[in-house]
Amino acid sequence: MPSSSSESGRRVHLMVALVAAWAIATPCRAQPLQGSADRPPPGHVRILKVPATSIPPLIDGQLDEPAWRGAAVADRFWISEQERWPGEQTEVLVTADRRNLYFAFKVYVRQPNTIVALQTRRDGDLGLDDQVAVQLDPFLTYSEISTYSVNALGTQRDAIAGGRARQLAWKGEWQAAVARTDFGWVAEVALPFEILNFQPGTSAVGVNF
């Protein structure tokens, strides 16, 4: 979850193989180890088997739909630059149907009044705003990476690999919504397959949250 917040404990990195497995619904769950001395496995060996949902979630910042109850879970984020656990964890839920990849972020903040988000212009600089992002590496090359970000106000920003123009009509539309909660805030993201660059028949792509 890239974040420009002054609280470096929320800047975390995870590279996993995101497996689009339409026929299975086996979420990969791991218990957070806040304050534990051990460390999670390297990101490049983590695999999320993404279950299919027959009823897509409504992108409204609420996580009360059945699709999220069966979603795969990415957690136990680690600050690789500082070799430590973050002060507060984030959970990412992932599911899909034949049209979209769906992501939901549960961002835990002990003091919700410290959440900062000011940018309201689409594709504006999110600067120091609290934000989450999905970075996709569809060819597993660590180079052609597209990033889809949303701040705590729901303002969207993207950086598309492959030289596509910044016009929305060229790069494709995607959805996001956020909501404040008693534990911090939630963000939902829907990325249509039709706007993503990937090789037909691909079963795994890289992802960083």
# chains A, B, ... in the order shown; residues from 1 in each chain; ligands from 1
>>> residues_around(residues="Ala177 of chain A", least_positions_apart="5", cutoff="7 Å", atoms="only C-alpha atoms", output="VMD selection string")
chain A and resid 59 to 61 154 187 to 189
>>> residues_around(residues="Glu194 of chain A", least_positions_apart="6", cutoff="10 Å", atoms="only C-alpha atoms", output="MDAnalysis selection string")
chainID A and resid 99:100 172:173
>>> write_last_selection(atoms="all heavy atoms", output="PDB file, in the first residue's frame")
ATOM      1  N   ARG A  99     -15.734 -10.150 -15.840  1.00  0.00           N
ATOM      2  CA  ARG A  99     -15.587  -8.788 -16.357  1.00  0.00           C
ATOM      3  C   ARG A  99     -14.519  -7.987 -15.619  1.00  0.00           C
ATOM      4  O   ARG A  99     -13.826  -7.179 -16.226  1.00  0.00           O
ATOM      5  CB  ARG A  99     -16.922  -8.031 -16.275  1.00  0.00           C
ATOM      6  CG  ARG A  99     -18.025  -8.616 -17.135  1.00  0.00           C
ATOM      7  CD  ARG A  99     -19.324  -7.879 -16.878  1.00  0.00           C
ATOM      8  NE  ARG A  99     -19.212  -6.462 -17.187  1.00  0.00           N
ATOM      9  CZ  ARG A  99     -19.513  -5.935 -18.373  1.00  0.00           C
ATOM     10  NH1 ARG A  99     -19.969  -6.693 -19.347  1.00  0.00           N
ATOM     11  NH2 ARG A  99     -19.383  -4.635 -18.584  1.00  0.00           N
ATOM     12  N   ASN A 100     -14.398  -8.206 -14.308  1.00  0.00           N
ATOM     13  CA  ASN A 100     -13.549  -7.341 -13.494  1.00  0.00           C
ATOM     14  C   ASN A 100     -12.723  -8.103 -12.470  1.00  0.00           C
ATOM     15  O   ASN A 100     -13.106  -9.190 -12.027  1.00  0.00           O
ATOM     16  CB  ASN A 100     -14.418  -6.341 -12.710  1.00  0.00           C
ATOM     17  CG  ASN A 100     -15.267  -5.467 -13.587  1.00  0.00           C
ATOM     18  OD1 ASN A 100     -14.776  -4.614 -14.313  1.00  0.00           O
ATOM     19  ND2 ASN A 100     -16.574  -5.669 -13.504  1.00  0.00           N
ATOM     20  N   GLY A 172      -9.043   3.760 -20.528  1.00  0.00           N
ATOM     21  CA  GLY A 172     -10.116   2.947 -19.969  1.00  0.00           C
ATOM     22  C   GLY A 172     -10.591   3.418 -18.613  1.00  0.00           C
ATOM     23  O   GLY A 172      -9.837   3.995 -17.840  1.00  0.00           O
ATOM     24  N   GLU A 173     -11.844   3.163 -18.324  1.00  0.00           N
ATOM     25  CA  GLU A 173     -12.451   3.586 -17.067  1.00  0.00           C
ATOM     26  C   GLU A 173     -12.415   2.459 -16.046  1.00  0.00           C
ATOM     27  O   GLU A 173     -12.541   1.281 -16.388  1.00  0.00           O
ATOM     28  CB  GLU A 173     -13.894   4.015 -17.322  1.00  0.00           C
ATOM     29  CG  GLU A 173     -14.668   4.465 -16.089  1.00  0.00           C
ATOM     30  CD  GLU A 173     -14.089   5.685 -15.403  1.00  0.00           C
ATOM     31  OE1 GLU A 173     -12.987   5.551 -14.833  1.00  0.00           O
ATOM     32  OE2 GLU A 173     -14.728   6.752 -15.430  1.00  0.00           O
TER      33      GLU A 173
END
>>> atom_distance(atom1="atom CA of Val107 of chain A", atom2="atom CA of Ser203 of chain A")
28.3 Å
>>> closest_residue(among="A:Val109, A:Ala204, A:Leu63, A:Ile160", to="Glu88 of chain A", atoms="only C-alpha atoms")
A:Val109
>>> residues_around(residues="Gln62 of chain A", least_positions_apart="6", cutoff="12 Å", atoms="only C-alpha atoms", output="VMD selection string")
chain A and resid 68 104 to 106 176 to 181 185 to 189
>>> closest_residue(among="A:Ala161, A:Gly70, A:Val132, A:Tyr108", to="Gly87 of chain A", atoms="only C-alpha atoms")
A:Tyr108
>>> closest_residue(among="A:Ala159, A:Val207, A:Leu153, A:Val45", to="Ala117 of chain A", atoms="only C-alpha atoms")
A:Leu153
>>> select_by_dssp(residues="segment 30-194 of chain A", states="helix (DSSP H, G or I)", output="PyMOL selection string")
chain A and resi 43-45+66-69+112-114+168-171+193-194
>>> select_by_dssp(residues="segment 82-177 of chain A", states="strand (DSSP E)", output="NGL selection string")
:A and (90-96 or 100-108 or 131-137 or 146-151 or 156-159 or 175-177)
>>> closest_residue(among="A:Asp158, A:Glu81, A:Asp97, A:Glu91", to="Ser54 of chain A", atoms="only C-alpha atoms")
A:Asp97
>>> decode(residues="segment 103-137 of chain A", atoms="N, CA, C and O atoms", output="JSON list (two decimals), in the first residue's frame")
[["chain", "number", "residue", "atom", "x", "y", "z"],
["A", 103, "PHE", "N", -10.90, -5.36, -5.77],
["A", 103, "PHE", "CA", -10.02, -5.25, -4.62],
["A", 103, "PHE", "C", -10.71, -4.43, -3.54],
["A", 103, "PHE", "O", -11.36, -3.42, -3.84],
["A", 104, "ALA", "N", -10.56, -4.83, -2.29],
["A", 104, "ALA", "CA", -11.07, -4.05, -1.17],
["A", 104, "ALA", "C", -9.95, -3.91, -0.14],
["A", 104, "ALA", "O", -9.35, -4.91, 0.26],
["A", 105, "PHE", "N", -9.66, -2.69, 0.25],
["A", 105, "PHE", "CA", -8.64, -2.41, 1.25],
["A", 105, "PHE", "C", -9.29, -2.08, 2.58],
["A", 105, "PHE", "O", -10.18, -1.22, 2.64],
["A", 106, "LYS", "N", -8.85, -2.73, 3.64],
["A", 106, "LYS", "CA", -9.26, -2.39, 5.00],
["A", 106, "LYS", "C", -8.03, -1.77, 5.66],
["A", 106, "LYS", "O", -7.07, -2.46, 6.00],
["A", 107, "VAL", "N", -8.07, -0.46, 5.81],
["A", 107, "VAL", "CA", -6.92, 0.31, 6.29],
["A", 107, "VAL", "C", -7.12, 0.62, 7.77],
["A", 107, "VAL", "O", -8.01, 1.40, 8.12],
["A", 108, "TYR", "N", -6.32, 0.02, 8.62],
["A", 108, "TYR", "CA", -6.48, 0.20, 10.05],
["A", 108, "TYR", "C", -5.69, 1.42, 10.52],
["A", 108, "TYR", "O", -4.48, 1.54, 10.27],
["A", 109, "VAL", "N", -6.38, 2.32, 11.21],
["A", 109, "VAL", "CA", -5.77, 3.55, 11.72],
["A", 109, "VAL", "C", -6.27, 3.75, 13.15],
["A", 109, "VAL", "O", -7.47, 3.95, 13.35],
["A", 110, "ARG", "N", -5.37, 3.70, 14.11],
["A", 110, "ARG", "CA", -5.80, 3.82, 15.51],
["A", 110, "ARG", "C", -6.43, 5.17, 15.81],
["A", 110, "ARG", "O", -7.31, 5.29, 16.66],
["A", 111, "GLN", "N", -5.97, 6.21, 15.12],
["A", 111, "GLN", "CA", -6.50, 7.55, 15.31],
["A", 111, "GLN", "C", -7.07, 8.04, 13.98],
["A", 111, "GLN", "O", -6.39, 8.72, 13.22],
["A", 112, "PRO", "N", -8.32, 7.70, 13.68],
["A", 112, "PRO", "CA", -8.91, 8.06, 12.39],
["A", 112, "PRO", "C", -8.89, 9.55, 12.09],
["A", 112, "PRO", "O", -8.91, 9.96, 10.93],
["A", 113, "ASN", "N", -8.82, 10.39, 13.13],
["A", 113, "ASN", "CA", -8.79, 11.84, 12.89],
["A", 113, "ASN", "C", -7.47, 12.29, 12.27],
["A", 113, "ASN", "O", -7.34, 13.45, 11.85],
["A", 114, "THR", "N", -6.48, 11.39, 12.19],
["A", 114, "THR", "CA", -5.21, 11.75, 11.55],
["A", 114, "THR", "C", -5.21, 11.45, 10.06],
["A", 114, "THR", "O", -4.22, 11.75, 9.38],
["A", 115, "ILE", "N", -6.27, 10.84, 9.54],
["A", 115, "ILE", "CA", -6.35, 10.54, 8.10],
["A", 115, "ILE", "C", -6.41, 11.86, 7.32],
["A", 115, "ILE", "O", -7.22, 12.74, 7.62],
["A", 116, "VAL", "N", -5.54, 11.99, 6.32],
["A", 116, "VAL", "CA", -5.46, 13.22, 5.53],
["A", 116, "VAL", "C", -5.72, 12.91, 4.07],
["A", 116, "VAL", "O", -5.10, 12.02, 3.49],
["A", 117, "ALA", "N", -6.65, 13.63, 3.44],
["A", 117, "ALA", "CA", -6.91, 13.52, 2.00],
["A", 117, "ALA", "C", -7.51, 14.84, 1.55],
["A", 117, "ALA", "O", -8.55, 15.25, 2.04],
["A", 118, "LEU", "N", -6.84, 15.52, 0.61],
["A", 118, "LEU", "CA", -7.25, 16.85, 0.17],
["A", 118, "LEU", "C", -7.59, 16.91, -1.32],
["A", 118, "LEU", "O", -8.42, 17.71, -1.74],
["A", 119, "GLN", "N", -6.95, 16.07, -2.13],
["A", 119, "GLN", "CA", -7.13, 16.16, -3.58],
["A", 119, "GLN", "C", -8.51, 15.66, -4.01],
["A", 119, "GLN", "O", -8.92, 14.57, -3.65],
["A", 120, "THR", "N", -9.22, 16.46, -4.79],
["A", 120, "THR", "CA", -10.54, 16.08, -5.29],
["A", 120, "THR", "C", -10.58, 16.00, -6.80],
["A", 120, "THR", "O", -11.61, 15.58, -7.35],
["A", 121, "ARG", "N", -9.50, 16.35, -7.49],
["A", 121, "ARG", "CA", -9.49, 16.34, -8.96],
["A", 121, "ARG", "C", -8.97, 15.00, -9.48],
["A", 121, "ARG", "O", -7.91, 14.55, -9.08],
["A", 122, "ARG", "N", -9.75, 14.38, -10.36],
["A", 122, "ARG", "CA", -9.36, 13.10, -10.95],
["A", 122, "ARG", "C", -7.99, 13.22, -11.61],
["A", 122, "ARG", "O", -7.72, 14.16, -12.37],
["A", 123, "ASP", "N", -7.10, 12.29, -11.32],
["A", 123, "ASP", "CA", -5.74, 12.22, -11.84],
["A", 123, "ASP", "C", -4.87, 13.38, -11.36],
["A", 123, "ASP", "O", -3.79, 13.61, -11.90],
["A", 124, "GLY", "N", -5.34, 14.11, -10.33],
["A", 124, "GLY", "CA", -4.50, 15.12, -9.72],
["A", 124, "GLY", "C", -3.44, 14.46, -8.85],
["A", 124, "GLY", "O", -3.51, 13.28, -8.53],
["A", 125, "ASP", "N", -2.45, 15.24, -8.45],
["A", 125, "ASP", "CA", -1.38, 14.73, -7.61],
["A", 125, "ASP", "C", -1.94, 14.43, -6.22],
["A", 125, "ASP", "O", -2.47, 15.32, -5.55],
["A", 126, "LEU", "N", -1.83, 13.19, -5.79],
["A", 126, "LEU", "CA", -2.34, 12.81, -4.48],
["A", 126, "LEU", "C", -1.39, 13.21, -3.36],
["A", 126, "LEU", "O", -1.74, 13.13, -2.17],
["A", 127, "GLY", "N", -0.18, 13.65, -3.71],
["A", 127, "GLY", "CA", 0.73, 14.27, -2.78],
["A", 127, "GLY", "C", 0.85, 13.56, -1.45],
["A", 127, "GLY", "O", 1.22, 12.39, -1.37],
["A", 128, "LEU", "N", 0.50, 14.27, -0.37],
["A", 128, "LEU", "CA", 0.61, 13.72, 0.97],
["A", 128, "LEU", "C", -0.66, 13.05, 1.45],
["A", 128, "LEU", "O", -0.79, 12.71, 2.62],
["A", 129, "ASP", "N", -1.63, 12.88, 0.54],
["A", 129, "ASP", "CA", -2.89, 12.24, 0.92],
["A", 129, "ASP", "C", -2.67, 10.80, 1.34],
["A", 129, "ASP", "O", -1.83, 10.08, 0.78],
["A", 130, "ASP", "N", -3.46, 10.33, 2.33],
["A", 130, "ASP", "CA", -3.52, 8.90, 2.61],
["A", 130, "ASP", "C", -4.16, 8.23, 1.40],
["A", 130, "ASP", "O", -5.22, 8.67, 0.92],
["A", 131, "GLN", "N", -3.54, 7.19, 0.90],
["A", 131, "GLN", "CA", -4.00, 6.56, -0.33],
["A", 131, "GLN", "C", -3.63, 5.09, -0.34],
["A", 131, "GLN", "O", -2.75, 4.65, 0.41],
["A", 132, "VAL", "N", -4.32, 4.34, -1.16],
["A", 132, "VAL", "CA", -3.97, 2.95, -1.42],
["A", 132, "VAL", "C", -3.82, 2.79, -2.93],
["A", 132, "VAL", "O", -4.31, 3.62, -3.71],
["A", 133, "ALA", "N", -3.14, 1.72, -3.34],
["A", 133, "ALA", "CA", -2.92, 1.52, -4.77],
["A", 133, "ALA", "C", -2.81, 0.04, -5.10],
["A", 133, "ALA", "O", -2.34, -0.75, -4.28],
["A", 134, "VAL", "N", -3.26, -0.30, -6.30],
["A", 134, "VAL", "CA", -3.04, -1.62, -6.88],
["A", 134, "VAL", "C", -2.06, -1.43, -8.03],
["A", 134, "VAL", "O", -2.33, -0.67, -8.97],
["A", 135, "GLN", "N", -0.92, -2.10, -7.97],
["A", 135, "GLN", "CA", 0.05, -2.07, -9.05],
["A", 135, "GLN", "C", 0.06, -3.43, -9.72],
["A", 135, "GLN", "O", 0.32, -4.44, -9.07],
["A", 136, "LEU", "N", -0.23, -3.46, -11.01],
["A", 136, "LEU", "CA", -0.29, -4.73, -11.75],
["A", 136, "LEU", "C", 0.90, -4.88, -12.68],
["A", 136, "LEU", "O", 1.25, -3.96, -13.43],
["A", 137, "ASP", "N", 1.50, -6.05, -12.62],
["A", 137, "ASP", "CA", 2.63, -6.42, -13.48],
["A", 137, "ASP", "C", 2.18, -7.63, -14.30],
["A", 137, "ASP", "O", 2.52, -8.77, -13.98]]
